[in-house]
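Below is the file entry_8.txt, which contains compact mmCIF, C-alpha atoms.
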# COMPACT_ATOMS: atom_id res chain seq x y z
CA MET A 1 52.81 -18.00 259.76
CA THR A 2 51.53 -14.51 259.00
CA ASP A 3 53.66 -12.85 261.69
CA LEU A 4 57.03 -13.54 260.15
CA VAL A 5 59.57 -10.87 259.48
CA ILE A 6 61.96 -11.50 256.64
CA ALA A 7 65.54 -10.72 257.52
CA GLY A 8 67.65 -9.16 254.82
CA PRO A 9 69.40 -11.69 252.59
CA ARG A 10 73.13 -12.01 253.06
CA HIS A 11 73.87 -13.76 249.79
CA ALA A 12 74.70 -10.50 248.02
CA LEU A 13 77.75 -10.17 250.28
CA LEU A 14 79.01 -13.65 249.46
CA PRO A 15 81.16 -14.47 246.44
CA GLN A 16 79.29 -16.18 243.63
CA LEU A 17 81.00 -19.50 243.98
CA SER A 18 80.13 -22.49 241.84
CA LEU A 19 77.92 -25.31 243.09
CA LEU A 20 81.05 -27.41 243.41
CA ARG A 21 82.61 -25.11 246.02
CA ARG A 22 79.42 -23.83 247.64
CA ILE A 23 77.49 -27.08 248.00
CA TYR A 24 79.21 -30.23 246.73
CA LEU A 25 82.63 -30.03 248.41
CA PRO A 26 81.30 -29.29 251.92
CA ARG A 27 78.72 -32.01 251.46
CA THR A 28 81.45 -34.47 250.42
CA ALA A 29 83.53 -33.85 253.56
CA ASP A 30 80.50 -34.08 255.84
CA ALA A 31 79.18 -37.20 254.10
CA GLY A 32 82.55 -38.89 254.59
CA ALA A 33 82.47 -38.16 258.33
CA PHE A 34 78.80 -39.19 258.47
CA ALA A 35 79.43 -42.56 256.77
CA MET A 36 82.51 -43.41 258.80
CA THR A 37 80.72 -42.47 262.03
CA THR A 38 77.49 -44.34 261.27
CA TYR A 39 79.11 -47.55 260.09
CA GLY A 40 82.40 -47.33 261.98
CA ILE A 41 81.20 -46.75 265.54
CA PRO A 42 79.31 -50.08 265.84
CA LEU A 43 82.48 -51.81 264.64
CA ILE A 44 84.50 -49.87 267.22
CA VAL A 45 82.06 -50.92 269.93
CA LEU A 46 82.27 -54.57 268.87
CA ALA A 47 86.08 -54.40 268.75
CA THR A 48 86.24 -52.69 272.15
CA THR A 49 83.61 -54.67 274.09
CA ARG A 50 83.33 -57.97 272.14
CA SER A 51 79.61 -57.88 272.97
CA ALA A 52 76.80 -58.34 270.43
CA THR A 53 74.31 -56.88 272.90
CA LEU A 54 76.37 -53.72 273.43
CA THR A 55 76.86 -53.39 269.67
CA GLY A 56 73.09 -53.34 269.15
CA LEU A 57 72.66 -50.96 272.07
CA ALA A 58 75.32 -48.63 270.68
CA PHE A 59 73.50 -48.59 267.34
CA ALA A 60 70.35 -47.49 269.19
CA LEU A 61 72.27 -44.89 271.22
CA GLU A 62 73.74 -43.54 268.01
CA TRP A 63 70.26 -42.87 266.62
CA ILE A 64 68.09 -41.93 269.61
CA PRO A 65 69.87 -38.58 270.28
CA ARG A 66 69.80 -37.87 266.55
CA LEU A 67 66.03 -38.09 266.55
CA ALA A 68 65.77 -35.88 269.63
CA ALA A 69 67.97 -33.25 267.94
CA PHE A 70 66.06 -32.95 264.66
CA SER A 71 63.43 -30.39 265.64
CA LEU A 72 66.03 -28.14 267.28
CA ALA A 73 68.40 -28.58 264.33
CA GLY A 74 65.78 -27.50 261.80
CA THR A 75 64.80 -24.48 263.87
CA MET A 76 68.44 -23.43 264.31
CA VAL A 77 69.11 -23.72 260.58
CA ASP A 78 66.02 -21.66 259.73
CA ARG A 79 67.00 -18.96 262.23
CA HIS A 80 70.80 -18.83 262.00
CA GLY A 81 71.64 -20.13 258.53
CA THR A 82 73.27 -23.25 257.22
CA LYS A 83 76.89 -22.12 257.33
CA ARG A 84 77.02 -21.31 261.04
CA VAL A 85 75.14 -24.43 262.16
CA PHE A 86 77.16 -26.67 259.85
CA ARG A 87 80.49 -25.32 261.06
CA ILE A 88 79.69 -25.54 264.77
CA ALA A 89 78.36 -29.10 264.44
CA SER A 90 81.39 -30.26 262.46
CA VAL A 91 83.86 -28.81 264.95
CA LEU A 92 81.95 -30.33 267.89
CA ARG A 93 82.00 -33.77 266.26
CA ALA A 94 85.74 -33.51 265.63
CA LEU A 95 86.46 -32.52 269.25
CA VAL A 96 84.37 -35.38 270.66
CA VAL A 97 86.00 -37.94 268.37
CA LEU A 98 89.50 -36.70 269.24
CA ALA A 99 88.67 -36.85 272.93
CA ALA A 100 87.58 -40.49 272.52
CA ALA A 101 90.79 -41.24 270.62
CA ALA A 102 92.79 -39.89 273.57
CA ILE A 103 90.74 -41.66 276.27
CA LEU A 104 90.26 -45.18 274.85
CA PRO A 105 93.95 -46.26 274.85
CA THR A 106 94.08 -45.56 278.59
CA GLN A 107 91.09 -47.73 279.49
CA ALA A 108 92.37 -51.18 278.39
CA GLY A 109 88.90 -52.53 277.66
CA GLY A 110 87.47 -51.82 281.12
CA PRO A 111 84.17 -50.17 282.07
CA GLY A 112 85.64 -46.80 281.14
CA ALA A 113 86.08 -47.96 277.56
CA THR A 114 82.44 -49.08 277.39
CA ILE A 115 81.22 -45.75 278.76
CA THR A 116 83.45 -43.86 276.33
CA VAL A 117 82.29 -45.66 273.18
CA MET A 118 78.63 -45.40 274.23
CA ALA A 119 79.01 -41.65 274.84
CA LEU A 120 80.84 -41.35 271.53
CA ALA A 121 77.90 -42.97 269.72
CA ALA A 122 75.36 -40.66 271.37
CA ILE A 123 77.19 -37.32 271.04
CA THR A 124 78.42 -37.82 267.48
CA GLY A 125 74.86 -38.78 266.53
CA VAL A 126 73.59 -35.37 267.63
CA ALA A 127 76.40 -33.39 265.98
CA THR A 128 76.05 -35.37 262.76
CA GLU A 129 72.37 -34.58 262.42
CA PHE A 130 72.90 -30.84 262.89
CA SER A 131 75.47 -30.81 260.10
CA TYR A 132 73.25 -33.04 257.94
CA ILE A 133 70.19 -30.79 258.30
CA ALA A 134 72.32 -27.76 257.42
CA ALA A 135 73.80 -29.47 254.36
CA GLU A 136 70.38 -30.71 253.20
CA THR A 137 68.88 -27.22 253.53
CA ALA A 138 71.69 -25.74 251.45
CA GLY A 139 71.18 -28.44 248.83
CA ALA A 140 67.43 -27.82 248.73
CA ALA A 141 67.99 -24.10 248.09
CA ALA A 142 70.27 -25.01 245.19
CA SER A 143 67.58 -27.36 243.87
CA LYS A 144 64.92 -24.66 243.97
CA ASP A 145 67.21 -22.34 242.06
CA ALA A 146 67.64 -25.08 239.43
CA GLY A 147 63.88 -25.18 238.72
CA ASP A 148 62.95 -28.09 236.44
CA ARG A 149 66.47 -29.46 236.79
CA ALA A 150 66.08 -29.88 240.54
CA HIS A 151 66.21 -33.66 240.30
CA ARG A 152 69.66 -33.40 238.70
CA VAL A 153 70.99 -31.39 241.64
CA GLN A 154 69.42 -33.88 244.04
CA SER A 155 70.91 -36.77 242.06
CA ALA A 156 74.35 -35.17 242.36
CA LEU A 157 73.90 -34.69 246.11
CA LEU A 158 72.66 -38.24 246.56
CA GLY A 159 75.58 -39.42 244.43
CA ILE A 160 77.93 -37.70 246.87
CA ASP A 161 76.18 -39.40 249.78
CA GLN A 162 76.37 -42.80 248.11
CA THR A 163 80.02 -42.32 247.16
CA ALA A 164 80.77 -41.52 250.80
CA THR A 165 78.77 -44.56 251.84
CA LEU A 166 80.80 -46.57 249.36
CA ALA A 167 84.14 -45.39 250.73
CA GLY A 168 83.22 -44.72 254.37
CA PRO A 169 82.34 -48.21 255.64
CA ALA A 170 85.24 -49.84 253.81
CA ALA A 171 87.63 -47.17 255.08
CA ALA A 172 86.37 -47.57 258.65
CA GLY A 173 86.67 -51.35 258.46
CA PHE A 174 90.15 -51.33 256.97
CA LEU A 175 91.41 -48.57 259.28
CA LEU A 176 90.08 -50.44 262.28
CA HIS A 177 91.77 -53.62 261.06
CA TRP A 178 95.16 -52.07 260.19
CA VAL A 179 95.66 -48.99 262.41
CA GLY A 180 93.19 -49.65 265.21
CA VAL A 181 90.56 -47.57 266.94
CA THR A 182 92.72 -44.47 267.39
CA GLY A 183 93.63 -44.17 263.71
CA THR A 184 89.99 -44.62 262.71
CA LEU A 185 88.81 -41.88 265.07
CA ILE A 186 91.52 -39.45 263.95
CA THR A 187 90.44 -39.95 260.32
CA ILE A 188 86.81 -39.20 261.21
CA ALA A 189 87.93 -36.04 263.02
CA ALA A 190 89.95 -34.94 259.97
CA CYS A 191 86.90 -35.25 257.71
CA SER A 192 84.84 -33.24 260.18
CA LEU A 193 87.40 -30.44 260.37
CA LEU A 194 87.67 -30.31 256.59
CA GLY A 195 83.90 -29.91 256.38
CA ALA A 196 84.03 -27.12 258.96
CA ALA A 197 86.70 -25.31 256.96
CA LEU A 198 84.65 -25.48 253.74
CA ALA A 199 81.08 -24.98 255.09
CA PRO A 200 78.22 -24.72 252.56
CA TRP A 201 77.29 -21.32 251.14
CA HIS A 202 74.00 -20.68 249.39
CA ARG A 203 71.31 -18.10 248.84
CA GLU A 204 69.66 -17.73 252.25
CA THR A 205 66.40 -15.94 252.95
CA ARG A 206 66.20 -16.26 256.70
CA LEU A 207 62.85 -15.89 258.39
CA VAL A 208 62.83 -14.66 261.96
CA PRO A 209 59.61 -15.37 263.89
CA ALA A 210 58.00 -12.29 265.37
CA ALA A 211 57.66 -12.17 269.14
CA ALA A 212 53.88 -12.79 268.92
CA SER A 213 54.32 -16.06 267.06
CA LYS A 214 53.81 -19.20 269.20
CA LEU A 215 54.70 -21.72 266.54
CA THR A 216 57.61 -23.98 267.30
CA GLY A 217 59.75 -25.68 264.68
CA LEU A 218 58.15 -29.00 265.54
CA HIS A 219 54.59 -27.73 265.06
CA THR A 220 55.52 -25.92 261.86
CA GLY A 221 57.06 -29.05 260.39
CA TRP A 222 54.09 -31.25 261.30
CA THR A 223 51.61 -28.73 259.90
CA THR A 224 53.49 -28.39 256.63
CA LEU A 225 53.88 -32.15 256.18
CA ALA A 226 50.18 -32.74 256.89
CA SER A 227 49.32 -30.36 254.06
CA LEU A 228 51.39 -32.39 251.56
CA PRO A 229 49.70 -35.82 251.22
CA ALA A 230 51.98 -37.11 248.47
CA LEU A 231 55.08 -36.43 250.55
CA ALA A 232 53.42 -37.81 253.70
CA TRP A 233 52.55 -41.12 252.00
CA LEU A 234 56.04 -41.52 250.56
CA ILE A 235 57.64 -40.86 253.93
CA ALA A 236 55.31 -43.37 255.60
CA GLY A 237 56.34 -46.12 253.18
CA LEU A 238 60.04 -45.38 253.50
CA THR A 239 59.74 -45.33 257.29
CA VAL A 240 58.42 -48.90 257.30
CA SER A 241 61.15 -49.86 254.83
CA ASN A 242 63.80 -48.34 257.08
CA LEU A 243 62.97 -50.81 259.85
CA ALA A 244 64.22 -53.64 257.63
CA THR A 245 67.25 -51.62 256.52
CA GLY A 246 68.06 -50.61 260.10
CA MET A 247 67.85 -54.21 261.30
CA LEU A 248 70.28 -55.25 258.60
CA GLN A 249 72.70 -52.44 259.46
CA ALA A 250 72.59 -53.17 263.19
CA ALA A 251 72.92 -56.93 262.76
CA ALA A 252 75.59 -56.91 260.03
CA PRO A 253 78.64 -56.71 262.36
CA ILE A 254 77.27 -59.62 264.40
CA ILE A 255 76.31 -61.74 261.38
CA VAL A 256 79.54 -61.18 259.47
CA VAL A 257 82.06 -61.22 262.33
CA GLN A 258 80.53 -63.66 264.81
CA HIS A 259 78.31 -65.92 262.66
CA LEU A 260 80.24 -66.09 259.39
CA GLY A 261 83.73 -65.63 260.86
CA HIS A 262 84.91 -62.73 258.69
CA SER A 263 86.83 -59.61 259.72
CA SER A 264 85.50 -56.13 260.43
CA ALA A 265 86.82 -55.10 257.01
CA ALA A 266 84.39 -57.57 255.42
CA VAL A 267 81.49 -55.67 257.03
CA GLY A 268 82.69 -52.47 255.39
CA VAL A 269 82.98 -54.21 252.03
CA ILE A 270 79.28 -55.16 252.17
CA TRP A 271 78.17 -51.58 252.67
CA SER A 272 80.63 -50.26 250.12
CA ALA A 273 79.30 -52.71 247.53
CA ALA A 274 75.77 -51.65 248.46
CA ALA A 275 76.71 -48.00 248.01
CA ALA A 276 78.25 -48.74 244.60
CA ALA A 277 75.02 -50.40 243.46
CA SER A 278 73.00 -47.50 244.83
CA LEU A 279 75.27 -45.01 243.07
CA VAL A 280 74.58 -46.68 239.71
CA THR A 281 70.85 -46.65 240.46
CA VAL A 282 70.93 -42.95 241.32
CA ALA A 283 72.51 -42.16 237.94
CA CYS A 284 69.90 -44.27 236.14
CA CYS A 285 67.01 -42.76 238.07
CA ARG A 286 67.95 -39.26 236.96
CA TYR A 287 67.24 -40.24 233.37
CA ALA A 288 64.27 -42.44 234.29
CA ILE A 289 62.53 -39.48 235.97
CA ASP A 290 63.16 -37.38 232.83
CA ARG A 291 61.46 -40.00 230.66
CA VAL A 292 58.71 -41.67 232.70
CA GLY A 293 58.24 -39.49 235.80
CA LEU A 294 58.43 -39.96 239.55
CA TRP A 295 55.80 -42.63 240.22
CA PRO A 296 57.03 -45.31 237.76
CA THR A 297 60.62 -44.74 238.87
CA GLY A 298 59.71 -44.96 242.54
CA ALA A 299 57.41 -47.96 242.09
CA ALA A 300 60.07 -49.94 240.20
CA SER A 301 62.64 -49.13 242.89
CA ALA A 302 60.16 -50.24 245.57
CA VAL A 303 59.65 -53.63 243.89
CA VAL A 304 63.41 -54.19 243.76
CA ALA A 305 63.85 -53.20 247.41
CA ALA A 306 60.97 -55.35 248.64
CA LEU A 307 62.08 -58.51 246.81
CA ALA A 308 65.72 -58.03 247.81
CA GLY A 309 64.72 -57.43 251.44
CA LEU A 310 62.85 -60.74 251.56
CA ALA A 311 65.77 -62.55 249.93
CA VAL A 312 68.53 -61.05 252.08
CA SER A 313 66.81 -62.26 255.25
CA GLN A 314 67.35 -65.81 253.97
CA ALA A 315 71.03 -65.38 253.00
CA SER A 316 73.27 -68.07 254.46
CA THR A 317 76.69 -67.18 253.04
CA TYR A 318 78.79 -64.03 252.95
CA ASN A 319 78.59 -63.72 249.15
CA GLN A 320 74.81 -64.01 249.21
CA LEU A 321 74.60 -61.38 251.92
CA LEU A 322 76.87 -59.03 249.98
CA VAL A 323 75.01 -59.32 246.66
CA LEU A 324 71.49 -59.15 248.08
CA THR A 325 72.33 -56.22 250.34
CA ALA A 326 73.67 -54.37 247.30
CA VAL A 327 70.42 -55.01 245.40
CA LEU A 328 68.34 -53.91 248.40
CA MET A 329 70.24 -50.65 248.76
CA ALA A 330 70.01 -50.03 245.01
CA GLY A 331 66.22 -50.09 245.34
CA GLU A 332 66.43 -47.81 248.37
CA GLY A 333 68.62 -45.41 246.40
CA GLY A 334 66.03 -45.11 243.63
CA MET A 335 63.27 -44.31 246.10
CA THR A 336 65.50 -41.75 247.81
CA VAL A 337 66.00 -39.83 244.54
CA VAL A 338 62.21 -39.68 244.16
CA LEU A 339 61.78 -38.54 247.78
CA ARG A 340 64.39 -35.82 247.61
CA THR A 341 63.09 -34.49 244.29
CA LEU A 342 59.52 -34.37 245.59
CA ARG A 343 60.64 -32.86 248.89
CA SER A 344 62.67 -30.08 247.29
CA HIS A 345 59.69 -29.06 245.11
CA LEU A 346 56.86 -29.29 247.61
CA ILE A 347 58.22 -27.86 250.88
CA PRO A 348 58.11 -24.03 251.05
CA GLU A 349 61.57 -22.57 251.45
CA ARG A 350 60.67 -20.46 254.49
CA VAL A 351 59.94 -23.59 256.56
CA PHE A 352 62.22 -26.05 254.83
CA GLY A 353 64.54 -26.67 257.78
CA ALA A 354 61.72 -27.37 260.23
CA THR A 355 59.81 -29.58 257.79
CA LEU A 356 62.92 -31.44 256.69
CA SER A 357 63.66 -32.16 260.35
CA ILE A 358 60.22 -33.71 260.85
CA THR A 359 60.46 -35.85 257.71
CA ILE A 360 63.86 -37.19 258.71
CA LEU A 361 62.73 -37.65 262.31
CA ILE A 362 59.88 -39.88 261.14
CA MET A 363 61.97 -41.83 258.65
CA LEU A 364 64.83 -42.51 261.05
CA ALA A 365 62.67 -43.49 264.04
CA PRO A 366 62.98 -47.21 263.09
CA PHE A 367 66.78 -47.17 263.43
CA PRO A 368 67.02 -47.01 267.25
CA LEU A 369 64.16 -49.54 267.36
CA ALA A 370 66.24 -51.81 265.13
CA GLY A 371 69.22 -51.42 267.45
CA MET A 372 67.12 -52.37 270.46
CA LEU A 373 65.69 -55.38 268.61
CA VAL A 374 69.20 -56.59 267.81
CA ALA A 375 70.30 -56.04 271.42
CA LEU A 376 67.31 -58.02 272.76
CA THR A 377 67.18 -60.80 270.15
CA PRO A 378 69.18 -63.99 270.73
CA ALA A 379 71.80 -64.38 268.03
CA ALA A 380 70.20 -67.57 266.70
CA ALA A 381 66.87 -65.80 266.15
CA LEU A 382 68.20 -62.79 264.20
CA GLY A 383 67.26 -64.38 260.87
CA HIS A 384 63.59 -64.73 261.90
CA VAL A 385 63.38 -61.10 263.01
CA LEU A 386 64.97 -59.97 259.74
CA THR A 387 62.38 -61.97 257.80
CA GLY A 388 59.51 -60.39 259.72
CA CYS A 389 60.87 -56.89 259.09
CA ALA A 390 61.32 -57.66 255.38
CA ALA A 391 57.67 -58.76 255.14
CA LEU A 392 56.57 -55.47 256.74
CA GLN A 393 58.79 -53.61 254.29
CA ALA A 394 57.13 -55.27 251.28
CA ILE A 395 53.62 -54.57 252.61
CA GLY A 396 54.45 -50.95 253.44
CA LEU A 397 55.99 -50.16 250.07
CA PHE A 398 53.12 -51.78 248.15
CA SER A 399 50.56 -49.77 250.12
CA THR A 400 52.47 -46.53 249.63
CA PHE A 401 52.85 -46.67 245.86
CA TRP A 402 49.31 -47.99 245.43
CA HIS A 403 48.00 -44.84 247.14
CA LEU A 404 50.41 -42.59 245.25
CA ARG A 405 49.49 -43.84 241.78
CA HIS A 406 46.95 -41.02 241.19
CA GLU A 407 48.77 -38.21 243.03
CA PRO A 408 49.38 -35.28 240.61
CA ALA A 409 52.71 -34.49 242.28
CA MET A 410 53.98 -37.99 241.37
CA ARG A 411 53.08 -37.98 237.70
CA HIS A 412 56.16 -36.10 236.58
CA HIS A 413 58.66 -33.81 238.22
CA HIS A 414 57.71 -30.97 235.85
CA ALA A 415 54.18 -31.08 237.27
CA VAL A 416 55.30 -29.50 240.52
CA ALA A 417 56.47 -25.93 240.36
CA PRO A 418 59.13 -24.92 242.86
CA GLU A 419 57.82 -22.56 245.52
CA ARG A 420 60.01 -19.56 246.25
CA THR A 421 58.14 -17.99 249.13
Mind turning this structure into structure tokens?
Amino acid sequence: MTDLVIAGPRHALLPQLSLLRRIYLPRTADAGAFAMTTYGIPLIVLATTRSATLTGLAFALEWIPRLAAFSLAGTMVDRHGTKRVFRIASVLRALVVLAAAAILPTQAGGPGATITVMALAAITGVATEFSYIAAETAGAAASKDAGDRAHRVQSALLGIDQTATLAGPAAAGFLLHWVGVTGTLITIAACSLLGAALAPWHRETRLVPAAASKLTGLHTGWTTLASLPALAWLIAGLTVSNLATGMLQAAAPIIVVQHLGHSSAAVGVIWSAAAAASLVTVACCRYAIDRVGLWPTGAASAVVAALAGLAVSQASTYNQLLVLTAVLMAGEGGMTVVLRTLRSHLIPERVFGATLSITILIMLAPFPLAGMLVALTPAAALGHVLTGCAALQAIGLFSTFWHLRHEPAMRHHHAVAPERT
């Protein structure tokens, strides 16, 4: 890391736009496309193929390329800046989605349709993660500039994400129900193009590795994360928790549509209700961190998530599933505020993109595993698998916050000074 040459900052040439224009509006457009893609594509696959197995497989295909793209995405953001990477990724996603919208009506549910929706899941997954890493890096720079108010910037960003998650699944479900697959895909493309037109602007200090440096983005991220035990423990706990959340996301279309007999719109309503509950939690956590600090806020959120995860695996009606999923995601939202606040303070800015990529790579690894579990599990046994994953979630979260109880970085957000190297 000693052989890095700092490229001249470009922010002096950019207009001093407000956080709303520079960070929040681009993030809103991208989050809308992200939510509609993540939750809408499994519904599109189920509507196109009528196969529970292919729905689970598509969920896995949507996530596996994302994980493979993270290291490269972080390196590209660190080298070329957030605006360029964000814009290219958003345009690519829009083009792929529009191509699928043109191809699917000509396939009439044949093998070509299956190949198209599977390719759609994989390619949009990659493009989405490039835009997400770019948007997260821009948000982290804004948080560092905010100093002790970093958690408020992160709460606003997470609020945008949760609002998109509130509207995105419901919009995808209702669009699919009323205007079909083509209308849904065109809407996703429109959100992507809007994000590309806005593109996040922020203060960028780009670091260009010297020719003698052998460090890759992957190695840099691992090394940085290993030096931050508080962040490493929190990520480990949330990774275990994400297996239960991923199972629920992958199985929801099958449970709601095939087992409970509801429409695809009802699946979107569940995730929109969950996002609404999480949005309320995010607002509350901002003030909770001010008053009691990171560890108590995170530990309370973990208890809520663990208990709700165990309960939701036993839900037998649609209303139970809706309410318990909302409570589960509320707990997840509280822990995410803690994670993002800690992450923005602890990770050095010069390696933020690479380290962020590694943290997200680890945390999202359970999602393709969840998709494969759903694809391989007989429909009648889904409840048992969900229960097992919920038990692992509770054990993982308990272990994490037990180890974090004496970490100085978790005592209060003011205890960690932002690094501006």
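Note that the spacing between CA of Thr28 in chain A and CA of Pro253 in chain A amounts to 25.4 Å.
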May I have a table of the residues of range 24-46 of chain A lying at most 9 Å from range 178-195 of chain A, giving each one's closest pair of atoms and their distance in Å to one decimal, counting only C-alpha atoms, ordered by chain and ascending residue number, as JSON lines?
{"residue": "A:Leu25", "atom": "CA", "partner": "A:Gly195", "partner_atom": "CA", "distance": 8.1}
{"residue": "A:Pro26", "atom": "CA", "partner": "A:Gly195", "partner_atom": "CA", "distance": 5.2}
{"residue": "A:Arg27", "atom": "CA", "partner": "A:Gly195", "partner_atom": "CA", "distance": 7.4}
{"residue": "A:Thr28", "atom": "CA", "partner": "A:Gly195", "partner_atom": "CA", "distance": 7.9}
{"residue": "A:Ala29", "atom": "CA", "partner": "A:Gly195", "partner_atom": "CA", "distance": 4.9}
{"residue": "A:Asp30", "atom": "CA", "partner": "A:Gly195", "partner_atom": "CA", "distance": 5.4}
{"residue": "A:Ala31", "atom": "CA", "partner": "A:Cys191", "partner_atom": "CA", "distance": 8.7}
{"residue": "A:Gly32", "atom": "CA", "partner": "A:Cys191", "partner_atom": "CA", "distance": 6.5}
{"residue": "A:Ala33", "atom": "CA", "partner": "A:Ile188", "partner_atom": "CA", "distance": 5.3}
{"residue": "A:Phe34", "atom": "CA", "partner": "A:Ile188", "partner_atom": "CA", "distance": 8.5}
{"residue": "A:Met36", "atom": "CA", "partner": "A:Ile188", "partner_atom": "CA", "distance": 6.5}
{"residue": "A:Thr37", "atom": "CA", "partner": "A:Ile188", "partner_atom": "CA", "distance": 7.0}
{"residue": "A:Gly40", "atom": "CA", "partner": "A:Thr184", "partner_atom": "CA", "distance": 8.1}
{"residue": "A:Ile44", "atom": "CA", "partner": "A:Val181", "partner_atom": "CA", "distance": 6.5}
Looking at only C-alpha atoms, which of A:Leu72, A:Val385, A:Ala266, A:Ala230 is the one that sits closest to Ala354 in chain A?
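Of all the options, A:Leu72 lies closest to Ala354 in chain A.
Atom to atom, CA of Val304 in chain A and CA of Leu342 in chain A stand 20.3 Å apart.
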Considering only C-alpha atoms, can you say which of A:Gly112, A:Gly74, A:Phe174, A:Glu62 comes closest to Val126 in chain A?
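The shortest atom-to-atom distance to Val126 in chain A comes from A:Glu62.
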Just to confirm, what's the straight-line distance from CA of Met118 in chain A to CA of Gly56 in chain A in Å (one decimal)?
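According to the coordinates, CA of Met118 in chain A and CA of Gly56 in chain A are separated by 10.9 Å.
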Distance criterion (all atoms listed in the file): nearest to Phe130 in chain A out of A:Tyr24, A:Phe86, A:Tyr39, A:Trp222
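Comparing A:Tyr24, A:Phe86, A:Tyr39, A:Trp222 against Phe130 in chain A, the winner is A:Phe86.
With only C-alpha atoms taken into account, the protein and nucleic acid residues at most 10 Å from Trp63 in chain A (excluding it and anything under 6 positions from it in its own chain) are Thr38, Ala69, Ala121, Ala122, Ile123, Thr124, Gly125, Val126, Glu129, Leu364, Ala365, Pro366, Phe367, Pro368, Leu369, Ala370 and Gly371 of chain A.
Comparing A:Glu407, A:Asp78, A:Glu136, A:Asp145 by their smallest distance to Gly293 in chain A, the closest is A:Glu407 (using all atoms listed in the file).
Using all atoms listed in the file, the shortest contact distance between Ile254 in chain A and any of A:Thr55, A:Thr49, A:Thr317, A:Thr325 is found at A:Thr55.
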Residue nearest Thr355 in chain A among A:Ser227, A:Thr82, A:Thr48, A:Gln107 (counting all atoms listed in the file)
A:Ser227
